[in-house]
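J.: Data: protein_38.pdb, PDB, C-alpha atoms (C1' of nucleotides).
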ATOM      1  CA  MET A   1       0.000   0.000   0.000
ATOM      2  CA  PRO A   2       2.295   2.561  -1.372
ATOM      3  CA  GLU A   3       2.613   6.239  -1.952
ATOM      4  CA  GLY A   4       5.705   7.497  -3.752
ATOM      5  CA  HIS A   5       8.022   7.294  -0.736
ATOM      6  CA  THR A   6       7.538   3.509  -0.595
ATOM      7  CA  VAL A   7       8.476   3.100  -4.238
ATOM      8  CA  HIS A   8      11.627   5.208  -3.787
ATOM      9  CA  ARG A   9      12.633   3.062  -0.809
ATOM     10  CA  LEU A  10      12.040  -0.064  -2.857
ATOM     11  CA  ALA A  11      14.172   1.236  -5.708
ATOM     12  CA  GLY A  12      16.986   1.743  -3.216
ATOM     13  CA  ALA A  13      16.557  -1.671  -1.616
ATOM     14  CA  LEU A  14      16.346  -3.626  -4.864
ATOM     15  CA  THR A  15      19.370  -1.774  -6.215
ATOM     16  CA  GLU A  16      21.438  -2.582  -3.143
ATOM     17  CA  LEU A  17      20.381  -6.209  -3.082
ATOM     18  CA  PHE A  18      20.430  -7.107  -6.768
ATOM     19  CA  SER A  19      22.274  -4.595  -8.951
ATOM     20  CA  GLY A  20      25.465  -6.067 -10.296
ATOM     21  CA  HIS A  21      24.034  -9.571  -9.894
ATOM     22  CA  ARG A  22      22.466 -11.809 -12.482
ATOM     23  CA  PRO A  23      19.454 -12.717 -10.362
ATOM     24  CA  THR A  24      17.365 -15.737 -11.106
ATOM     25  CA  ILE A  25      13.993 -14.333 -12.045
ATOM     26  CA  THR A  26      10.871 -16.460 -12.022
ATOM     27  CA  SER A  27       7.122 -16.057 -11.915
ATOM     28  CA  PRO A  28       5.790 -18.650  -9.458
ATOM     29  CA  GLN A  29       2.257 -17.462 -10.204
ATOM     30  CA  GLY A  30       2.867 -17.855 -13.936
ATOM     31  CA  ARG A  31       1.430 -14.524 -14.994
ATOM     32  CA  PHE A  32       4.828 -13.021 -15.733
ATOM     33  CA  SER A  33       6.608 -16.071 -17.128
ATOM     34  CA  GLN A  34       7.527 -14.498 -20.454
ATOM     35  CA  GLY A  35       8.874 -11.324 -18.876
ATOM     36  CA  ALA A  36      10.795 -13.299 -16.274
ATOM     37  CA  ALA A  37      12.425 -15.403 -18.988
ATOM     38  CA  LYS A  38      13.504 -12.243 -20.781
ATOM     39  CA  LEU A  39      15.189 -10.774 -17.691
ATOM     40  CA  ASN A  40      16.573 -13.974 -16.224
ATOM     41  CA  GLY A  41      20.353 -14.175 -16.434
ATOM     42  CA  GLN A  42      20.848 -10.529 -17.377
ATOM     43  CA  ILE A  43      22.689  -8.083 -15.127
ATOM     44  CA  ALA A  44      20.385  -6.028 -12.927
ATOM     45  CA  LEU A  45      21.364  -2.347 -13.025
ATOM     46  CA  SER A  46      20.256   0.548 -10.788
ATOM     47  CA  ALA A  47      16.507   0.823 -10.177
ATOM     48  CA  GLU A  48      14.767   4.176 -10.160
ATOM     49  CA  ALA A  49      11.413   5.523  -9.035
ATOM     50  CA  TRP A  50       9.336   8.298 -10.515
ATOM     51  CA  GLY A  51       6.241   8.909  -8.441
ATOM     52  CA  LYS A  52       4.636   5.531  -7.840
ATOM     53  CA  HIS A  53       6.340   3.936 -10.860
ATOM     54  CA  PHE A  54       9.323   1.628 -10.428
ATOM     55  CA  PHE A  55      11.840   0.956 -13.194
ATOM     56  CA  MET A  56      14.756  -1.464 -13.141
ATOM     57  CA  PRO A  57      17.008  -1.860 -16.195
ATOM     58  CA  PHE A  58      18.574  -5.190 -17.190
ATOM     59  CA  ALA A  59      21.433  -5.589 -19.648
ATOM     60  CA  PRO A  60      23.703  -8.402 -20.826
ATOM     61  CA  GLU A  61      26.737  -6.668 -19.278
ATOM     62  CA  PRO A  62      27.214  -4.069 -16.511
ATOM     63  CA  THR A  63      26.720  -0.492 -17.735
ATOM     64  CA  GLU A  64      25.581   2.918 -16.582
ATOM     65  CA  VAL A  65      22.203   3.889 -17.990
ATOM     66  CA  THR A  66      19.880   6.841 -17.597
ATOM     67  CA  LEU A  67      16.167   6.449 -16.970
ATOM     68  CA  GLY A  68      14.324   5.590 -20.174
ATOM     69  CA  GLU A  69      17.455   5.041 -22.258
ATOM     70  CA  ASP A  70      17.216   2.759 -25.292
ATOM     71  CA  GLY A  71      18.994  -0.571 -24.998
ATOM     72  CA  PRO A  72      18.233  -2.212 -21.666
ATOM     73  CA  ASP A  73      15.112  -4.183 -20.912
ATOM     74  CA  TRP A  74      13.209  -2.163 -18.316
ATOM     75  CA  LEU A  75      11.169  -3.901 -15.640
ATOM     76  CA  HIS A  76       8.243  -1.584 -14.907
ATOM     77  CA  VAL A  77       6.181  -2.155 -11.759
ATOM     78  CA  HIS A  78       3.212  -0.240 -10.425
ATOM     79  CA  LEU A  79       1.987  -1.567  -7.088
ATOM     80  CA  GLY A  80      -1.534  -0.199  -7.400
ATOM     81  CA  LEU A  81      -3.603  -0.260  -4.255
ATOM     82  CA  TYR A  82      -2.169  -3.340  -2.616
ATOM     83  CA  GLY A  83       0.903  -4.621  -4.383
ATOM     84  CA  SER A  84       3.915  -5.296  -2.175
ATOM     85  CA  TRP A  85       7.453  -6.656  -2.135
ATOM     86  CA  SER A  86       8.716  -8.871   0.635
ATOM     87  CA  PHE A  87      12.264  -9.970   1.319
ATOM     88  CA  ASP A  88      14.012 -12.887   2.906
ATOM     89  CA  GLY A  89      17.613 -13.941   3.141
ATOM     90  CA  ASP A  90      20.576 -14.729   5.317
ATOM     91  CA  GLY A  91      22.039 -12.267   7.831
ATOM     92  CA  GLU A  92      24.356 -10.764   5.252
ATOM     93  CA  PHE A  93      21.528 -10.113   2.798
ATOM     94  CA  ILE A  94      19.209  -8.586   5.360
ATOM     95  CA  ALA A  95      22.018  -6.382   6.744
ATOM     96  CA  VAL A  96      22.729  -4.892   3.323
ATOM     97  CA  HIS A  97      19.460  -3.026   3.002
ATOM     98  CA  THR A  98      18.872  -2.390   6.641
ATOM     99  CA  ILE A  99      18.719   1.097   8.014
ATOM    100  CA  GLY A 100      18.166   0.407  11.668
ATOM    101  CA  ALA A 101      16.395  -2.865  12.352
ATOM    102  CA  PRO A 102      16.292  -5.646   9.747
ATOM    103  CA  ARG A 103      13.169  -5.439   7.662
ATOM    104  CA  ARG A 104      11.341  -8.083   5.696
ATOM    105  CA  ARG A 105       9.060  -5.698   3.930
ATOM    106  CA  ILE A 106       9.859  -2.343   2.461
ATOM    107  CA  GLY A 107       7.009   0.089   2.652
ATOM    108  CA  GLU A 108       4.293   0.487   5.180
ATOM    109  CA  ARG A 109       3.949  -2.204   7.758
ATOM    110  CA  GLU A 110       7.609  -3.103   7.487
ATOM    111  CA  GLN A 111       8.273  -6.282   9.383
ATOM    112  CA  LEU A 112      11.291  -7.290  11.354
ATOM    113  CA  SER A 113      12.881 -10.355   9.894
ATOM    114  CA  GLU A 114      12.661 -13.071  12.469
ATOM    115  CA  GLY A 115      15.971 -14.371  13.667
ATOM    116  CA  ALA A 116      17.924 -12.573  10.945
ATOM    117  CA  ASP A 117      20.683 -11.698  13.383
ATOM    118  CA  GLU A 118      21.401 -15.242  14.471
ATOM    119  CA  ARG A 119      20.836 -16.801  11.107
ATOM    120  CA  ARG A 120      24.023 -18.264   9.702
ATOM    121  CA  VAL A 121      24.785 -17.701   6.053
ATOM    122  CA  ALA A 122      24.901 -21.416   5.365
ATOM    123  CA  GLU A 123      21.551 -22.062   7.031
ATOM    124  CA  TRP A 124      19.388 -19.953   4.813
ATOM    125  CA  GLU A 125      17.262 -21.649   2.173
ATOM    126  CA  PRO A 126      14.859 -19.790  -0.074
ATOM    127  CA  PRO A 127      11.301 -20.243   1.215
ATOM    128  CA  THR A 128       8.719 -21.761  -1.119
ATOM    129  CA  PRO A 129       6.911 -18.828  -2.733
ATOM    130  CA  LYS A 130       3.210 -18.351  -2.183
ATOM    131  CA  ASP A 131       1.229 -19.091  -5.335
ATOM    132  CA  THR A 132       0.317 -15.405  -5.659
ATOM    133  CA  VAL A 133       3.937 -14.330  -6.197
ATOM    134  CA  ARG A 134       4.084 -12.620  -9.590
ATOM    135  CA  VAL A 135       7.875 -12.274  -9.628
ATOM    136  CA  ARG A 136      10.687 -13.660  -7.532
ATOM    137  CA  PHE A 137      14.214 -12.225  -7.698
ATOM    138  CA  ALA A 138      16.786 -14.599  -6.269
ATOM    139  CA  GLN A 139      20.516 -14.290  -5.630
ATOM    140  CA  PRO A 140      22.562 -16.640  -3.446
ATOM    141  CA  HIS A 141      21.948 -14.720  -0.201
ATOM    142  CA  GLY A 142      18.276 -13.830  -0.502
ATOM    143  CA  ILE A 143      15.068 -13.283  -2.412
ATOM    144  CA  ALA A 144      12.533 -10.557  -3.150
ATOM    145  CA  ASP A 145       8.918 -11.497  -3.927
ATOM    146  CA  LEU A 146       6.410  -9.218  -5.652
ATOM    147  CA  THR A 147       2.689  -9.853  -5.117
ATOM    148  CA  GLY A 148      -0.456  -8.092  -6.265
ATOM    149  CA  PRO A 149       0.979  -5.407  -8.571
ATOM    150  CA  ASN A 150      -1.325  -3.405 -10.772
ATOM    151  CA  GLN A 151       1.288  -3.460 -13.526
ATOM    152  CA  CYS A 152       4.383  -5.578 -14.052
ATOM    153  CA  GLN A 153       5.894  -5.638 -17.506
ATOM    154  CA  VAL A 154       9.102  -5.415 -19.508
ATOM    155  CA  LEU A 155       9.359  -2.168 -21.465
ATOM    156  CA  SER A 156      11.719  -0.716 -24.064
ATOM    157  CA  GLY A 157      13.339   2.654 -23.461
ATOM    158  CA  SER A 158      10.788   4.456 -25.575
ATOM    159  CA  GLU A 159       7.932   2.759 -23.747
ATOM    160  CA  VAL A 160       9.438   3.945 -20.452
ATOM    161  CA  ARG A 161       9.638   7.468 -21.836
ATOM    162  CA  ALA A 162       5.963   7.254 -22.814
ATOM    163  CA  VAL A 163       5.063   6.398 -19.207
ATOM    164  CA  LEU A 164       7.162   9.278 -17.852
ATOM    165  CA  LYS A 165       5.567  11.707 -20.263
ATOM    166  CA  ARG A 166       2.238  11.344 -18.478
ATOM    167  CA  LEU A 167       3.738  12.038 -15.043
ATOM    168  CA  GLY A 168       4.123  15.406 -13.374
ATOM    169  CA  PRO A 169       7.041  16.469 -11.156
ATOM    170  CA  ASP A 170       7.937  14.123  -8.317
ATOM    171  CA  PRO A 171       8.548  15.868  -4.961
ATOM    172  CA  LEU A 172      11.102  13.163  -4.156
ATOM    173  CA  ARG A 173      13.139  14.101  -7.225
ATOM    174  CA  ASN A 174      12.515  17.819  -6.844
ATOM    175  CA  ASN A 175      14.370  18.673 -10.020
ATOM    176  CA  PRO A 176      15.129  22.277 -10.962
ATOM    177  CA  GLY A 177      11.927  23.969 -12.128
ATOM    178  CA  ASP A 178       9.618  21.376 -10.576
ATOM    179  CA  ARG A 179       8.257  23.754  -7.944
ATOM    180  CA  GLU A 180       7.242  26.316 -10.581
ATOM    181  CA  ARG A 181       5.855  23.627 -12.840
ATOM    182  CA  PHE A 182       3.668  22.259 -10.040
ATOM    183  CA  ILE A 183       2.373  25.734  -9.238
ATOM    184  CA  SER A 184       1.473  26.460 -12.845
ATOM    185  CA  LEU A 185      -0.134  23.051 -13.437
ATOM    186  CA  VAL A 186      -2.424  23.572 -10.435
ATOM    187  CA  ARG A 187      -3.249  27.168 -11.284
ATOM    188  CA  LYS A 188      -4.339  26.253 -14.810
ATOM    189  CA  ARG A 189      -7.265  24.216 -13.513
ATOM    190  CA  LYS A 190     -10.466  24.949 -11.685
ATOM    191  CA  VAL A 191     -10.764  21.413 -10.367
ATOM    192  CA  PRO A 192     -10.523  21.324  -6.536
ATOM    193  CA  VAL A 193      -6.913  21.391  -5.409
ATOM    194  CA  GLY A 194      -7.548  18.257  -3.334
ATOM    195  CA  GLN A 195      -8.172  16.416  -6.580
ATOM    196  CA  LEU A 196      -5.152  17.944  -8.320
ATOM    197  CA  VAL A 197      -2.712  16.792  -5.632
ATOM    198  CA  MET A 198      -3.888  13.227  -6.363
ATOM    199  CA  ASP A 199      -3.531  13.725 -10.127
ATOM    200  CA  GLN A 200      -0.259  12.067 -11.119
ATOM    201  CA  ALA A 201       0.019  14.356 -14.154
ATOM    202  CA  VAL A 202       0.126  17.346 -11.793
ATOM    203  CA  THR A 203       2.504  15.811  -9.273
ATOM    204  CA  ALA A 204       3.668  12.207  -9.231
ATOM    205  CA  GLY A 205       3.968  10.357  -5.947
ATOM    206  CA  PRO A 206       1.538  11.827  -3.418
ATOM    207  CA  GLY A 207      -1.432   9.635  -2.520
ATOM    208  CA  ASN A 208      -4.418   9.935  -0.246
ATOM    209  CA  ILE A 209      -2.495  10.407   3.015
ATOM    210  CA  TYR A 210       0.031  13.027   1.869
ATOM    211  CA  ARG A 211      -2.781  14.787  -0.008
ATOM    212  CA  ALA A 212      -4.900  15.128   3.115
ATOM    213  CA  ASP A 213      -2.194  15.881   5.655
ATOM    214  CA  CYS A 214       0.011  18.207   3.590
ATOM    215  CA  LEU A 215      -3.014  20.318   2.621
ATOM    216  CA  PHE A 216      -3.821  20.534   6.330
ATOM    217  CA  ARG A 217      -0.264  21.415   7.274
ATOM    218  CA  VAL A 218      -0.243  24.406   4.935
ATOM    219  CA  GLY A 219      -3.850  25.394   5.689
ATOM    220  CA  ILE A 220      -5.339  25.009   2.195
ATOM    221  CA  SER A 221      -8.901  23.746   1.817
ATOM    222  CA  PRO A 222      -8.994  20.758  -0.547
ATOM    223  CA  LEU A 223     -12.260  22.113  -1.941
ATOM    224  CA  ARG A 224     -10.681  25.330  -3.222
ATOM    225  CA  PRO A 225     -10.342  25.381  -7.022
ATOM    226  CA  GLY A 226      -6.739  25.131  -8.198
ATOM    227  CA  ASN A 227      -6.857  28.515  -9.932
ATOM    228  CA  ARG A 228      -7.956  30.149  -6.682
ATOM    229  CA  VAL A 229      -4.931  29.104  -4.629
ATOM    230  CA  SER A 230      -2.165  31.696  -4.546
ATOM    231  CA  GLU A 231       1.242  30.935  -6.045
ATOM    232  CA  HIS A 232       2.732  31.551  -2.644
ATOM    233  CA  ARG A 233       0.573  28.963  -0.903
ATOM    234  CA  LEU A 234       1.146  26.389  -3.667
ATOM    235  CA  GLY A 235       4.882  26.926  -3.251
ATOM    236  CA  LEU A 236       4.505  26.152   0.452
ATOM    237  CA  LEU A 237       2.461  23.062  -0.428
ATOM    238  CA  TRP A 238       5.181  21.794  -2.777
ATOM    239  CA  ASP A 239       7.835  22.416  -0.132
ATOM    240  CA  ASP A 240       5.760  20.521   2.420
ATOM    241  CA  LEU A 241       5.269  17.556   0.060
ATOM    242  CA  VAL A 242       9.039  17.502  -0.465
ATOM    243  CA  SER A 243       9.824  17.466   3.230
ATOM    244  CA  ALA A 244       7.024  15.152   4.399
ATOM    245  CA  MET A 245       7.715  12.586   1.671
ATOM    246  CA  SER A 246      11.482  12.757   2.259
ATOM    247  CA  GLU A 247      10.864  11.883   5.893
ATOM    248  CA  GLY A 248       8.735   8.984   4.663
ATOM    249  CA  VAL A 249      11.645   7.685   2.590
ATOM    250  CA  ARG A 250      14.033   8.047   5.519
ATOM    251  CA  ASP A 251      11.729   6.452   8.116
ATOM    252  CA  GLY A 252       9.770   3.940   6.031
ATOM    253  CA  ILE A 253       6.510   5.153   7.523
ATOM    254  CA  ILE A 254       4.214   8.127   7.091
ATOM    255  CA  LEU A 255       4.099  10.261  10.241
ATOM    256  CA  THR A 256       2.508  13.501   9.117
ATOM    257  CA  ASN A 257       1.041  14.795  12.345
ATOM    258  CA  PRO A 258       3.275  17.735  13.295
ATOM    259  CA  PRO A 259       5.004  17.099  16.646
ATOM    260  CA  GLU A 260       3.421  20.161  18.239
ATOM    261  CA  TYR A 261      -0.041  18.669  17.671
ATOM    262  CA  ILE A 262       0.687  15.218  18.997
ATOM    263  CA  PRO A 263      -1.211  15.019  22.291
ATOM    264  CA  LEU A 264       0.585  13.837  25.392
ATOM    265  CA  ASP A 265      -1.870  10.973  25.714
ATOM    266  CA  PRO A 266      -3.251   9.996  22.311
ATOM    267  CA  ILE A 267      -6.189   7.633  22.201
ATOM    268  CA  ASP A 268      -3.879   5.025  20.707
ATOM    269  CA  GLU A 269      -0.722   4.731  18.634
ATOM    270  CA  GLN A 270      -2.649   4.861  15.375
ATOM    271  CA  ASP A 271      -4.383   8.049  16.400
ATOM    272  CA  ARG A 272      -1.185  10.065  16.679
ATOM    273  CA  ARG A 273       0.189   9.310  13.217
ATOM    274  CA  PHE A 274      -1.919  11.606  11.057
ATOM    275  CA  ALA A 275      -3.205  15.153  11.310
ATOM    276  CA  VAL A 276      -6.537  14.666   9.505
ATOM    277  CA  TYR A 277      -6.330  11.429   7.478
ATOM    278  CA  GLN A 278      -8.897   8.945   8.815
ATOM    279  CA  ARG A 279      -9.723  11.241  11.706
ATOM    280  CA  SER A 280     -13.239  12.280  10.620
ATOM    281  CA  GLY A 281     -15.522  12.945  13.558
ATOM    282  CA  ARG A 282     -12.586  13.533  15.920
ATOM    283  CA  ALA A 283     -11.300  16.870  17.163
ATOM    284  CA  CYS A 284      -8.686  18.733  15.139
ATOM    285  CA  TRP A 285      -5.362  18.678  17.013
ATOM    286  CA  ARG A 286      -4.873  22.356  16.235
ATOM    287  CA  CYS A 287      -8.269  24.090  16.536
ATOM    288  CA  GLY A 288     -10.616  21.543  18.071
ATOM    289  CA  ASN A 289     -13.151  21.612  15.222
ATOM    290  CA  THR A 290     -14.505  18.297  13.989
ATOM    291  CA  ILE A 291     -12.514  16.747  11.119
ATOM    292  CA  ALA A 292     -14.749  16.416   8.047
ATOM    293  CA  GLU A 293     -14.932  13.657   5.430
ATOM    294  CA  MET A 294     -16.406  13.413   1.935
ATOM    295  CA  ALA A 295     -15.896  11.407  -1.235
ATOM    296  CA  MET A 296     -13.869  13.211  -3.901
ATOM    297  CA  ALA A 297     -13.341  11.496  -7.260
ATOM    298  CA  GLY A 298     -14.042   8.134  -5.682
ATOM    299  CA  ARG A 299     -11.568   8.500  -2.785
ATOM    300  CA  ARG A 300     -12.157   9.437   0.836
ATOM    301  CA  LEU A 301     -11.073  12.976   1.578
ATOM    302  CA  PHE A 302     -10.403  14.307   5.096
ATOM    303  CA  TRP A 303      -9.873  17.902   6.165
ATOM    304  CA  CYS A 304     -10.390  20.416   8.963
ATOM    305  CA  PRO A 305     -12.965  23.057   8.002
ATOM    306  CA  GLY A 306     -11.638  25.251  10.813
ATOM    307  CA  CYS A 307      -7.967  25.341   9.791
ATOM    308  CA  GLN A 308      -8.159  24.950   6.018
ATOM    309  CA  ARG A 309      -9.394  27.814   3.860
TER
ATOM    310  C1'  DA B   1     -16.559 -17.909   7.338
ATOM    311  C1'  DC B   2     -17.643 -13.761   5.255
ATOM    312  C1'  DG B   3     -17.439  -8.904   3.824
ATOM    313  C1'  DA B   4     -15.432  -4.549   3.472
ATOM    314  C1'  DA B   5     -11.722  -1.527   3.001
ATOM    315  C1'  DA B   6      -7.098  -0.229   1.625
ATOM    316  C1'  DT B   7      -1.519   4.580   1.039
ATOM    317  C1'  DG B   8      -4.332   3.172  -7.059
ATOM    318  C1'  DT B   9      -5.523   3.611 -11.825
ATOM    319  C1'  DC B  10      -7.831   2.429 -15.978
ATOM    320  C1'  DT B  11     -11.923   1.872 -19.026
ATOM    321  C1'  DA B  12     -16.660   2.145 -20.383
ATOM    322  C1'  DA B  13     -20.967   4.451 -20.286
TER
ATOM    323  C1'  DT C   1     -19.727   7.900 -12.046
ATOM    324  C1'  DA C   2     -19.469   2.845 -11.824
ATOM    325  C1'  DG C   3     -17.119  -1.150 -12.396
ATOM    326  C1'  DA C   4     -12.983  -3.843 -13.029
ATOM    327  C1'  DC C   5      -8.585  -5.423 -11.467
ATOM    328  C1'  DC C   6      -4.721  -7.344  -8.479
ATOM    329  C1'  DT C   7      -4.342  -9.346  -2.751
ATOM    330  C1'  DT C   8      -4.216  -8.921   2.146
ATOM    331  C1'  DT C   9      -5.966  -7.593   6.515
ATOM    332  C1'  DC C  10      -9.255  -6.563   9.797
ATOM    333  C1'  DG C  11     -13.731  -6.410  11.683
ATOM    334  C1'  DT C  12     -18.078  -8.670  12.166
ATOM    335  C1'  DT C  13     -21.035 -12.845  12.247
TER
END
If you convert what's in this file into structure tokens, what do you get?
T.:
Amino acid sequence: MPEGHTVHRLAGALTELFSGHRPTITSPQGRFSQGAAKLNGQIALSAEAWGKHFFMPFAPEPTEVTLGEDGPDWLHVHLGLYGSWSFDGDGEFIAVHTIGAPRRRIGEREQLSEGADERRVAEWEPPTPKDTVRVRFAQPHGIADLTGPNQCQVLSGSEVRAVLKRLGPDPLRNNPGDRERFISLVRKRKVPVGQLVMDQAVTAGPGNIYRADCLFRVGISPLRPGNRVSEHRLGLLWDDLVSAMSEGVRDGIILTNPPEYIPLDPIDEQDRRFAVYQRSGRACWRCGNTIAEMAMAGRRLFWCPGCQR
DNA sequence: ACGAAATGTCTAA
DNA sequence: TAGACCTTTCGTT
């Protein structure tokens, strides 16, 4: 269950664990057998993320490539609503991609790998994949399993470029000019800004949580038409997406409730994570008004009518 | 056991 | 706007 920060973390993890290797690639489920056969035995190069899209190039020999270059076979994965990768391996493998505690899953709900510390290199055997595993990457020290993706396919460079063409600026790339581009894309439209922040052609990567909480953090009502939000406030919104999502990449979890609003005794752990997301009917941490909820373009939208104008 | 919801996106009507 | 899709998890019978 990924927003862009999860996909960026995954690109880092899969690069560290598999780039430079010739992983064995299979499709236990059988729905990616052709693609797996095409990639199997090639060298995995550095994976990259753009928004929620994951790209990993494969070539016969090690090389440096840029995103969308002609030549390599590009594995393209979109996790959709509930795709996920899980990892298993010996202590050496788990240690490679560990920042802090060893993790079995990259993304939300990251799990500690049981016994990874004690596990001897020689003891590890690849576990039998579940029959829903679309793709398994295997190298001698560990495996990565992909289940439930919305998209998983091998693309040419020009096909990758066609995907990228439909994506707006990614706050986690934050390339020169992206801030201005985001501002102008929003201000061109009279669609509610809450809908535009979810539109991957306007900005690629934010999902329902960052949409709700970043709009709260900068005080913009999601119902306000894009062309009625000032350039200044949209600049602040971009900056907040950049910083909130960067923290998500660093921590592997979304914690968007600003520290000054976290109550000393929250109702429960879950309740302190978000500012407004999934808090409808409860009191706003900042002003005490009741958090509102409505459906917007088929997704649940949460905001504070008191703080957001 | 069963149903609904989930941090997503596409297509058809 | 509704439905389809890919899977897991959590709450309710």
J.: Check which residues satisfy the PyMOL selection byres ((chain B and resi 6) around 10) in the file shown, then give them as a list in words.
T.: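 After applying the PyMOL selection byres ((chain B and resi 6) around 10), what remains is Met1, Leu81 and Tyr82 of chain A; DA4, DA5, DT7 and DG8 of chain B; DT8 and DT9 of chain C.
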J.: Using all atoms listed in the file, determine which residues lie at most 12 Å from DC10 in chain B, disregarding the query and same-chain residues fewer than 6 positions distant; provide the list as a list of chain:residue names.
T.: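 Those residues are A:Gly80, A:Asn150, A:Gln151, C:DG3, C:DA4, C:DC5.
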J.: For Val135 in chain A, list every protein, DNA or RNA residue within 7 Å, evaluated using all atoms listed in the file, and leave out those in the same chain fewer than 4 positions away; present the list as a count of residues only.
T.: 7
J.: Could you tell me which residues the PyMOL selection byres ((chain C and resi 12) around 9) returns for this structure, as a PyMOL selection string?
T.: (chain B and resi 2-3) or (chain C and resi 11+13)
J.: Determine the residue membership of the PyMOL selection byres ((chain A and resi 276-280) around 10) for the file above and supply it as a VMD selection string.
T.: chain A and resid 208 to 217 256 to 257 270 to 275 281 to 285 290 to 294 300 to 304
J.: Smallest atom-to-atom distance to Ser84 in chain A: which of A:Leu234, A:Cys287, A:Val202, A:Ala144, using only C-alpha atoms?
T.: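 Residue with the minimum atom-to-atom distance to Ser84 in chain A: A:Ala144.
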J.: What does the distance from CA of Leu255 in chain A to CA of Gly205 in chain A come to in Å, to one decimal?
T.: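 Between CA of Leu255 in chain A and CA of Gly205 in chain A the gap is 16.2 Å.
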